[in-house]
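Chemist: Below is the structure I would like to discuss, written out as structure tokens.
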Amino acid sequence: MHIYGVKFSDKGKVYYFNAHNLKINNNVCVIVETEKGLQYGKVVEQVDANSIENLKEGIKDIVRTTTKEDYKKHLSNLKDAEQALKMAQKIADELGLVMRFLSSSFTFDKKQLLLQFTADERVDFRELTRKLASIYRTRIELRQIGARDKACSVGGIGQCGRELCCSSFLQTLESVSMNMAKNQNLALNPSKINGCCGRLLCCLAYEDSLYVESHKGLPNVGDTVKMQNIQGKVISVDILNRKIKIDCGNEVKEVDMNNESHQ
């Protein structure tokens with residue numbers, strides 16, 4: 001059994017498929033079987049079958065590697081999907097539906113057209129679906145996505161000056177909580193802890209475990225500590241460097257907690 005990770009788009013999630021006895025190199029395009037129909041994708045990794053034991057029963061097959069004709073059909077599908085996106089927006093506007101379409105895609109066999117959109121409220125798009133189905137003669141799926149998914153789809157530059165995590169390397173969008181910002185001693189200012197999407201920064205989630213681990217054995221701001229000849233109130237905690245500042249009354253001293261322990 002050969003299990004491969006396949007992406008359907010450069011920024012998309014990795015899905016796993018069984019190639020059975022077929023050996024495939026990375027960056028080779030393949031046709032795979034999915035619940036929605038055949039899909040055109042690219043192999044991005046080979047994985048150990050034992051590492052995804054719990055997924056084996058749900059893994060579908062890689063049908064074949066692609067041909068030149070498959071590639072031409074794929075390009076045609078991309079062009080048709082772009083036109084479908086414009087058509088969907090046009091019909092929605094005509095129906096007075098307040099929604100903005102962001103992306104569209106056909107399955108390789110054109111058995112389904114998926115359209116993603118954003119809207120401030122729930123939208124009754126049944127009439128829109130009927131009109132699109134009559135035009136494209138295929139199953140239509142409309143999916144309303146949130147602000148974080150929109151940022152992932154559109155992309156952009158974060159406040160750190162780098163490409164958005166969600167649109168560059170994150171495969172899944174994990175839940176982010178305010179406690180994560182508190183764990184990292186960040187000022188709870190929306191302009192500092194919110195991303196372009198207006199939601200809490202994704203990096204708060206994947207950096208949280210490091211801060212939690214580094215914080216072990218450190219006092220909190222406001223604690224009274226005593227170590228050797230130093231006693232006073234903690235006024236600052238540098239979690240990653242494990243250094244604290246103590247107000248001793250007449251002066252402020254910095255203590256390296258890598259070398260000291262507090263009582």
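In the structure tokens, chains take the letters A, B, ... in the order shown, each chain's residues start at 1, and ligands count up from 1 in the order shown.
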Name all residues at most 12 Å from stretch 148-161 of chain A (count only C-alpha atoms; drop same-chain ones fewer than 2 positions away) and give them as an NGL selection string.
Modeler: :A and (9-13 or 100-104 or 116-119 or 143-146 or 163-176 or 191-203)
Chemist: Any idea what's packed within 7 Å of stretch 125-133 of chain A, counting only C-alpha atoms, ignoring anything in its chain fewer than 5 positions away? Could you give it as a CSV table (one decimal) with C-alpha atoms, in the first residue's frame?
Modeler:
```csv
chain,number,residue,atom,x,y,z
A,91,ILE,CA,-27.6,36.2,-10.5
A,92,ALA,CA,-27.3,36.9,-6.8
A,138,THR,CA,-24.6,19.7,-12.5
A,139,ARG,CA,-24.9,19.6,-8.7
A,140,ILE,CA,-24.4,23.0,-7.1
```
Chemist: Given the choices A:Val123, A:Met180, A:Ile246, A:Val221, which gets closest to A:Glu207 if the distance is worked out from only C-alpha atoms?
Modeler: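 Ranking A:Val123, A:Met180, A:Ile246, A:Val221 by distance to A:Glu207, first place goes to A:Met180.
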Chemist: For A:Ser236, list every protein, DNA or RNA residue within 10 Å, evaluated using only C-alpha atoms, and leave out those in the same chain fewer than 2 positions away; present the list as a count of residues only.
Modeler: 15
Chemist: Which one of A:Glu213, A:Met178, A:Ile135, A:Val98 sits closest to A:Gln83 if you count only C-alpha atoms?
Modeler: A:Ile135
Chemist: Using only C-alpha atoms for the distances, tell me which of A:Ile31, A:Val43, A:Leu186, A:Leu38 is nearest to A:Val14.
Modeler: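 The answer is A:Val43, which sits nearest to A:Val14.
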Chemist: If I take atom CA of A:Glu45 and atom CA of A:Ile59, how far is one from the other in Å, to one decimal?
Modeler: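 So the two atoms, atom CA of A:Glu45 and atom CA of A:Ile59, lie 15.2 Å apart.
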Chemist: Nearest residue to A:Lys68 out of A:Cys29, A:Arg137, A:Asn21, A:Gln184, using only C-alpha atoms?
Modeler: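 Checking each candidate against A:Lys68, we get A:Cys29 as the closest.
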Chemist: Skip A:Val32 itself and residues of its chain fewer than 6 positions away, then list as a list in words all residues within 8 Å of it, counting only C-alpha atoms.
Modeler: Phe17, Leu38, Gln39, Tyr40, Gly41, Lys60, Asp61, Ile62, Val63 and Arg64 of chain A
